[in-house]
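Chemist: Mind having a look at this structure? Questions to follow.
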Amino acid sequence: MTEPFRYTPAQRRALAAAGGRAGHLLLYGGSRSGKSFALCCALIVRALKSPGSRHAVIRRHCNAVHASIGLDTLPKALRLRFPEVRWVYRRSEGVFHLANRSEIWLIGLDDEPRAEKILGQEFSTLYFNECSELEYASVQTALTRLAQNSPGIVNRAFYDCNPTGRGHWTFRVFVEKTDPVDRRPLTCPDNYLALQINPADNRDNLPPGYIEQTLADLPERQRIRFLRGEWSDEVEGALWDHSAIARCRELRAPEELTRIVIGVDPAVTANAGSDLTGIVAAGIDGAGVIHVLRDASCRKAPLEWAAEVVRLYRELDADLVAGEVNNGGDLIESLLRQLADDLNFRAVRATRGKILRAEPVAALYSRGLVRHAGEFPELEEQMLGYSPFACAKSPDRLDALVWAVSELVRPAGGFILA
């Protein structure tokens with residue numbers, strides 16, 4: 001016999017807060033802690049309480065909101081918590097239709113025609129899913145549509161996220177209670193409530209070893225965010241922050257890429273104290289957008305990391321390997337030639353300061369010209385933790401990324417960063 005569904009104690013606290021006095025509720029914490037499930041349930045309760053009401057789940061990427069909410073969390077919440085409710089999900093519309101005529105819309109802000117519908121409709125609930133990926137200005141614009149007059153409920157805005165840096169607007173608004181633009185105190189600070197929910201609160205619903213192994217084995221900056229669910233200090237002078245990386249996330253790269261390059265920052269030794277060999281692959285599409293495809297960095301003997309490079313070169317059908325030769329000289333190319341004499345190799349040499357090499361790449365991110373096809377925790381931690389003013393040596397994975405991206409935007413006849 002199937003056991004009846006039970007909320008976790010943390011989810012019960014969240015649901016009580018969703019029905020409380022605060023008009024804005026943020027659930028923040030680690031990965032797989034039950035935040036989205038709780039807020040989906042709160043949204044459904046509101047939709048059922050007011051027939052004919054309209055509600056929206058908003059995320060940065062359209063594909064992500066359909067995959068994570070439309071095909072997973074929201075149907076799961078309806079089946080487990082509200083099995084008696086009749087509903088239909090029309091994927092082409094991106095709308096859940098409930099039997100009482102209430103609607104739950106799924107909106108990705110990268111789908112411009114669909115996002116514009118926000119401005120043409122009024123809603124009783126706006127739920128900003130993974131709001132660390134959203135710009136504050138976009139959230140403020142969407143909130144102007146929190147204006148439907150629905151009997152039986154008071155309009156509410158819900159938010160959830162894995163906490164990022166203390167400079168992010170979510171920390172400014174919900175923890176500091178200040179306006180993130182002008183840093184003035186909020187007029188109604190009690191209207192903004194933040195609750196922390198972590199994986200340990202959802203332990204009974206997680207697979208064995210997820211907390212103690214999967215999350216505990218992440219790099220320190222990732223453990224702070226995804227295991228402990230805490231806000232992290234920003235690195236002074238860092239070229240990247242959490243918001244910049246979150247904005248560049250995509251589920252997968254386009255199938256058609258005009259050129260693929262593998263950047264290599266080699267280590268010439270392979271003992272326990274050696275640097276990693278940075279190996280990062282990226283490609284560029286017809287619109288000039290760069291997509292980071294793989295991080296295959298490793299700590300191996302020279303011939304072994306060379307084999308990793310060749311394997312990735314074949315797997316991706318890459319066009320070029322750009323390898324830094326400051327330390328290894330001709331050794332790097334000769335290693336690769338031993339394994340693949342047809343491999344296309346370009347030697348690159350760091351002849352200018354680290355900041356001069358990394359800054360143009362960071363500028364491409366800020367212009368929206370670089371995407372990460374998935375998540376690269378170790379690479380992204382190096383990006384977040386690197387400040388050219390505080391670090392004498394830039395990290396290996398980051399250097400490999402810089403070489404790959406730089407080669408992809410290198411104009412004919414010259415190399416823009418060296």
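Ligands are numbered from 1 in the order shown, chains are lettered A, B, ... in the order of the structure tokens, and residues start at 1 in each chain.
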If you count only C-alpha atoms, which residues fall within 8 Å of Arg294 (chain A), apart from same-chain ones fewer than 4 positions away, as a PDB file with N, CA and C atoms, in the first residue's frame?
Modeler:
ATOM      1  N   VAL A 280      39.694  22.797 -21.872  1.00  0.00           N
ATOM      2  CA  VAL A 280      38.335  23.311 -22.013  1.00  0.00           C
ATOM      3  C   VAL A 280      38.003  23.460 -23.492  1.00  0.00           C
ATOM      4  N   ALA A 281      36.845  22.931 -23.897  1.00  0.00           N
ATOM      5  CA  ALA A 281      36.403  23.006 -25.288  1.00  0.00           C
ATOM      6  C   ALA A 281      35.259  23.993 -25.419  1.00  0.00           C
ATOM      7  N   ALA A 282      35.290  24.772 -26.493  1.00  0.00           N
ATOM      8  CA  ALA A 282      34.228  25.737 -26.765  1.00  0.00           C
ATOM      9  C   ALA A 282      34.023  25.830 -28.271  1.00  0.00           C
ATOM     10  N   PHE A 376      29.530  23.657 -15.040  1.00  0.00           N
ATOM     11  CA  PHE A 376      30.935  23.280 -14.901  1.00  0.00           C
ATOM     12  C   PHE A 376      31.419  23.777 -13.537  1.00  0.00           C
TER      13      PHE A 376
END
Chemist: Excluding same-chain residues fewer than 2 positions from Leu126 (chain A), what lies within 12 Å of it counting only C-alpha atoms, as an NGL selection string?
Modeler: :A and (23-26 or 39-40 or 42-43 or 46-47 or 53-59 or 104-107 or 118 or 121-124 or 128-129 or 131 or 139-148 or 154-160)
Chemist: With N, CA and C atoms retained, write the just-selected residues as a short mmCIF file (atom, residue, chain, number, x, y, z; two decimals), in the first residue's frame.
Modeler:
data_model
loop_
_atom_site.label_atom_id
_atom_site.label_comp_id
_atom_site.auth_asym_id
_atom_site.auth_seq_id
_atom_site.Cartn_x
_atom_site.Cartn_y
_atom_site.Cartn_z
N GLY A 23 4.06 39.89 1.43
CA GLY A 23 3.67 39.81 0.03
C GLY A 23 4.72 39.19 -0.87
N HIS A 24 5.97 39.13 -0.37
CA HIS A 24 7.08 38.56 -1.14
C HIS A 24 7.78 37.52 -0.26
N LEU A 25 7.84 36.30 -0.73
CA LEU A 25 8.46 35.20 0.02
C LEU A 25 9.57 34.58 -0.80
N LEU A 26 10.78 34.54 -0.24
CA LEU A 26 11.92 33.88 -0.87
C LEU A 26 12.29 32.63 -0.08
N LEU A 39 6.73 25.62 -3.17
CA LEU A 39 6.13 26.81 -3.78
C LEU A 39 5.12 26.44 -4.87
N CYS A 40 5.37 25.34 -5.57
CA CYS A 40 4.37 24.87 -6.54
C CYS A 40 3.08 24.49 -5.82
N ALA A 42 2.04 25.70 -2.94
CA ALA A 42 1.41 26.94 -2.49
C ALA A 42 0.67 27.62 -3.65
N LEU A 43 1.27 27.59 -4.81
CA LEU A 43 0.64 28.21 -5.99
C LEU A 43 -0.65 27.47 -6.35
N ARG A 46 -3.51 28.32 -4.04
CA ARG A 46 -4.08 29.63 -4.37
C ARG A 46 -4.96 29.54 -5.61
N ALA A 47 -4.52 28.78 -6.61
CA ALA A 47 -5.31 28.63 -7.84
C ALA A 47 -6.63 27.93 -7.56
N SER A 53 -8.71 32.27 -11.45
CA SER A 53 -7.53 33.12 -11.22
C SER A 53 -6.38 32.69 -12.13
N ARG A 54 -5.42 33.60 -12.30
CA ARG A 54 -4.30 33.36 -13.21
C ARG A 54 -2.99 33.51 -12.43
N HIS A 55 -2.05 32.59 -12.68
CA HIS A 55 -0.79 32.53 -11.94
C HIS A 55 0.33 32.23 -12.93
N ALA A 56 1.56 32.60 -12.59
CA ALA A 56 2.67 32.39 -13.53
C ALA A 56 3.92 31.93 -12.80
N VAL A 57 4.64 31.00 -13.44
CA VAL A 57 5.97 30.61 -13.00
C VAL A 57 6.94 31.17 -14.04
N ILE A 58 7.88 31.98 -13.59
CA ILE A 58 8.77 32.71 -14.50
C ILE A 58 10.21 32.27 -14.25
N ARG A 59 10.91 32.00 -15.33
CA ARG A 59 12.32 31.62 -15.25
C ARG A 59 13.06 32.28 -16.41
N ILE A 104 -2.27 28.27 -14.76
CA ILE A 104 -0.89 28.46 -14.31
C ILE A 104 -0.02 28.53 -15.55
N TRP A 105 0.54 29.69 -15.79
CA TRP A 105 1.35 29.93 -16.98
C TRP A 105 2.82 29.66 -16.68
N LEU A 106 3.54 29.14 -17.67
CA LEU A 106 4.99 28.97 -17.59
C LEU A 106 5.63 29.91 -18.59
N ILE A 107 6.52 30.77 -18.11
CA ILE A 107 7.08 31.83 -18.96
C ILE A 107 8.59 31.86 -18.84
N ILE A 118 3.34 38.72 -20.62
CA ILE A 118 3.25 39.14 -19.21
C ILE A 118 2.64 40.53 -19.13
N GLN A 121 -1.26 40.63 -19.57
CA GLN A 121 -2.13 39.88 -18.68
C GLN A 121 -1.93 40.35 -17.24
N GLU A 122 -2.89 40.05 -16.40
CA GLU A 122 -2.77 40.31 -14.98
C GLU A 122 -2.78 38.98 -14.24
N PHE A 123 -2.00 38.91 -13.16
CA PHE A 123 -1.84 37.67 -12.42
C PHE A 123 -2.09 37.89 -10.94
N SER A 124 -2.46 36.80 -10.27
CA SER A 124 -2.63 36.82 -8.82
C SER A 124 -1.39 36.34 -8.10
N PHE A 128 8.92 33.38 -9.19
CA PHE A 128 10.19 33.52 -9.90
C PHE A 128 11.09 32.35 -9.51
N ASN A 129 11.11 31.33 -10.36
CA ASN A 129 11.87 30.11 -10.11
C ASN A 129 13.33 30.33 -10.49
N CYS A 131 15.52 32.38 -9.18
CA CYS A 131 15.56 33.83 -9.43
C CYS A 131 16.97 34.40 -9.40
N VAL A 139 12.53 41.42 -13.07
CA VAL A 139 11.60 41.08 -11.99
C VAL A 139 10.67 42.25 -11.71
N GLN A 140 11.23 43.45 -11.64
CA GLN A 140 10.42 44.64 -11.37
C GLN A 140 9.37 44.86 -12.45
N THR A 141 9.75 44.62 -13.70
CA THR A 141 8.79 44.77 -14.80
C THR A 141 7.66 43.76 -14.67
N ALA A 142 8.01 42.51 -14.38
CA ALA A 142 6.99 41.48 -14.24
C ALA A 142 6.04 41.78 -13.08
N LEU A 143 6.57 42.34 -12.01
CA LEU A 143 5.75 42.61 -10.83
C LEU A 143 4.65 43.64 -11.10
N THR A 144 4.80 44.42 -12.15
CA THR A 144 3.74 45.38 -12.48
C THR A 144 2.46 44.66 -12.92
N ARG A 145 2.58 43.37 -13.26
CA ARG A 145 1.42 42.60 -13.71
C ARG A 145 0.81 41.77 -12.59
N LEU A 146 1.29 41.96 -11.38
CA LEU A 146 0.71 41.28 -10.22
C LEU A 146 -0.50 42.10 -9.78
N ALA A 147 -1.55 42.05 -10.61
CA ALA A 147 -2.63 43.02 -10.46
C ALA A 147 -4.01 42.43 -10.68
N GLN A 148 -4.14 41.10 -10.74
CA GLN A 148 -5.46 40.52 -10.94
C GLN A 148 -6.27 40.58 -9.63
N VAL A 154 -5.08 37.12 -1.68
CA VAL A 154 -4.33 38.37 -1.80
C VAL A 154 -3.14 38.11 -2.70
N ASN A 155 -2.85 39.02 -3.61
CA ASN A 155 -1.77 38.81 -4.56
C ASN A 155 -0.43 38.62 -3.86
N ARG A 156 0.37 37.68 -4.38
CA ARG A 156 1.63 37.30 -3.76
C ARG A 156 2.71 37.10 -4.83
N ALA A 157 3.96 37.29 -4.43
CA ALA A 157 5.12 36.96 -5.27
C ALA A 157 5.99 35.98 -4.51
N PHE A 158 6.33 34.86 -5.15
CA PHE A 158 7.19 33.84 -4.57
C PHE A 158 8.51 33.81 -5.35
N TYR A 159 9.58 33.44 -4.66
CA TYR A 159 10.91 33.37 -5.27
C TYR A 159 11.62 32.16 -4.68
N ASP A 160 12.50 31.53 -5.47
CA ASP A 160 13.41 30.54 -4.88
C ASP A 160 14.76 30.61 -5.58
#
Chemist: Tell me, in Å to one decimal, how far CA of Gly70 (chain A) is from CA of Glu133 (chain A).
Modeler: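 Interatomic distance, CA of Gly70 (chain A) to CA of Glu133 (chain A): 18.3 Å.
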Chemist: List every residue of region 132-199 of chain A that DSSP, applied to the backbone of this structure, assigns to strand (DSSP E), and report them as a compact mmCIF listing (two decimals) with N, CA and C atoms, in the first residue's frame.
Modeler:
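Once written, result-v1.txt looks like this:
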# COMPACT_ATOMS: atom_id res chain seq x y z
N ARG A 156 0.37 37.68 -4.38
CA ARG A 156 1.63 37.30 -3.76
C ARG A 156 2.71 37.10 -4.83
N ALA A 157 3.96 37.29 -4.43
CA ALA A 157 5.12 36.96 -5.27
C ALA A 157 5.99 35.98 -4.51
N PHE A 158 6.33 34.86 -5.15
CA PHE A 158 7.19 33.84 -4.57
C PHE A 158 8.51 33.81 -5.35
N TYR A 159 9.58 33.44 -4.66
CA TYR A 159 10.91 33.37 -5.27
C TYR A 159 11.62 32.16 -4.68
N ASP A 160 12.50 31.53 -5.47
CA ASP A 160 13.41 30.54 -4.88
C ASP A 160 14.76 30.61 -5.58
N CYS A 161 15.80 30.18 -4.87
CA CYS A 161 17.13 30.19 -5.46
C CYS A 161 18.10 29.42 -4.58
N TYR A 192 8.86 41.57 2.97
CA TYR A 192 9.83 40.69 2.30
C TYR A 192 10.37 39.69 3.31
N LEU A 193 10.03 38.43 3.12
CA LEU A 193 10.39 37.37 4.06
C LEU A 193 11.25 36.34 3.36
N ALA A 194 12.35 35.94 3.99
CA ALA A 194 13.24 34.90 3.45
C ALA A 194 13.32 33.74 4.44
N LEU A 195 13.19 32.52 3.92
CA LEU A 195 13.32 31.30 4.71
C LEU A 195 14.37 30.40 4.08
N GLN A 196 15.21 29.80 4.89
CA GLN A 196 16.25 28.90 4.40
C GLN A 196 15.78 27.45 4.51
Chemist: Excluding Tyr136 (chain A) and any residue of its chain fewer than 5 positions from it, enumerate the residues within 9 Å of it, using only C-alpha atoms, and give them as a list in words.
Modeler: Thr141, Trp169, Thr170, Pro180 and Val181 of chain A
Chemist: Could the residues in this selection be saved with N, CA and C atoms as a tab-separated table (two decimals), in the first residue's frame?
Modeler:
chain	number	residue	atom	x	y	z
A	141	THR	N	9.75	44.62	-13.70
A	141	THR	CA	8.79	44.77	-14.80
A	141	THR	C	7.66	43.76	-14.67
A	169	TRP	N	20.92	40.87	-6.02
A	169	TRP	CA	19.74	41.62	-5.60
A	169	TRP	C	18.89	40.84	-4.60
A	170	THR	N	18.89	39.50	-4.66
A	170	THR	CA	18.10	38.73	-3.70
A	170	THR	C	18.59	38.95	-2.28
A	180	PRO	N	18.25	47.35	-4.20
A	180	PRO	CA	19.55	47.03	-4.79
A	180	PRO	C	20.07	48.08	-5.75
A	181	VAL	N	19.22	49.01	-6.17
A	181	VAL	CA	19.64	50.05	-7.11
A	181	VAL	C	20.25	51.23	-6.38
Chemist: Just want the 12 Å neighbourhood of Leu331 (chain A), counted on only C-alpha atoms, with same-chain residues fewer than 6 positions away dropped. Output as a PyMOL selection string.
Modeler: chain A and resi 266-268+302-303+306+323-325+337-338+347
Chemist: If DSSP is run on the backbone, what residues of region 197-273 of chain A are helix (DSSP H, G or I)? A reply as a count of residues only would be ideal.
Modeler: 26
Chemist: Just how far from CA of Pro151 (chain A) is CA of Arg101 (chain A), in Å to one decimal?
Modeler: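 We find that CA of Arg101 (chain A) and CA of Pro151 (chain A) lie 13.6 Å from each other.
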Chemist: With only C-alpha atoms as the basis for distance, which of A:Leu98, A:Ala16, A:Leu369, A:Leu379 is at the shortest distance from Arg247 (chain A)?
Modeler: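 Of all the options, A:Leu369 lies closest to Arg247 (chain A).
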Chemist: What's the separation between CA of Ala200 (chain A) and CA of Ala38 (chain A), in Å to one decimal place?
Modeler: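 Atom-to-atom, CA of Ala200 (chain A) and CA of Ala38 (chain A) are spaced 15.4 Å apart.
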Chemist: Contacts of Val310 (chain A) at 12 Å or less, counting only C-alpha atoms, minus same-chain residues fewer than 6 places along, as a VMD selection string?
Modeler: chain A and resid 262 to 264 279 281 296 303 to 304 316 to 321 333 335 to 345
Chemist: Skipping near chain neighbours, those fewer than 4 positions away, what residues fall within 12 Å of Pro219 (chain A) using only C-alpha atoms, listed as a PDB file with C-alpha atoms, in the first residue's frame?
Modeler:
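Result file follows (selection11.pdb):
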ATOM      1  CA  THR A 214      27.593  14.161  -4.216  1.00  0.00           C
ATOM      2  CA  LEU A 215      27.231  17.539  -2.490  1.00  0.00           C
ATOM      3  CA  ARG A 223      29.435  23.456  -1.137  1.00  0.00           C
ATOM      4  CA  ILE A 224      28.604  26.812   0.435  1.00  0.00           C
ATOM      5  CA  ARG A 225      25.890  27.315  -2.136  1.00  0.00           C
ATOM      6  CA  PHE A 226      24.480  23.851  -2.884  1.00  0.00           C
ATOM      7  CA  LEU A 227      25.074  21.992   0.390  1.00  0.00           C
ATOM      8  CA  PHE A 376      30.935  23.280 -14.901  1.00  0.00           C
ATOM      9  CA  PRO A 377      31.318  23.561 -11.102  1.00  0.00           C
ATOM     10  CA  GLU A 378      35.129  23.490 -10.867  1.00  0.00           C
ATOM     11  CA  LEU A 379      35.650  25.865 -13.794  1.00  0.00           C
ATOM     12  CA  GLU A 380      32.973  28.245 -12.547  1.00  0.00           C
ATOM     13  CA  GLU A 381      34.450  28.261  -9.055  1.00  0.00           C
ATOM     14  CA  GLN A 382      37.786  29.358 -10.512  1.00  0.00           C
ATOM     15  CA  LEU A 384      34.217  33.349  -9.394  1.00  0.00           C
ATOM     16  CA  GLY A 385      37.315  33.207  -7.219  1.00  0.00           C
TER      17      GLY A 385
END
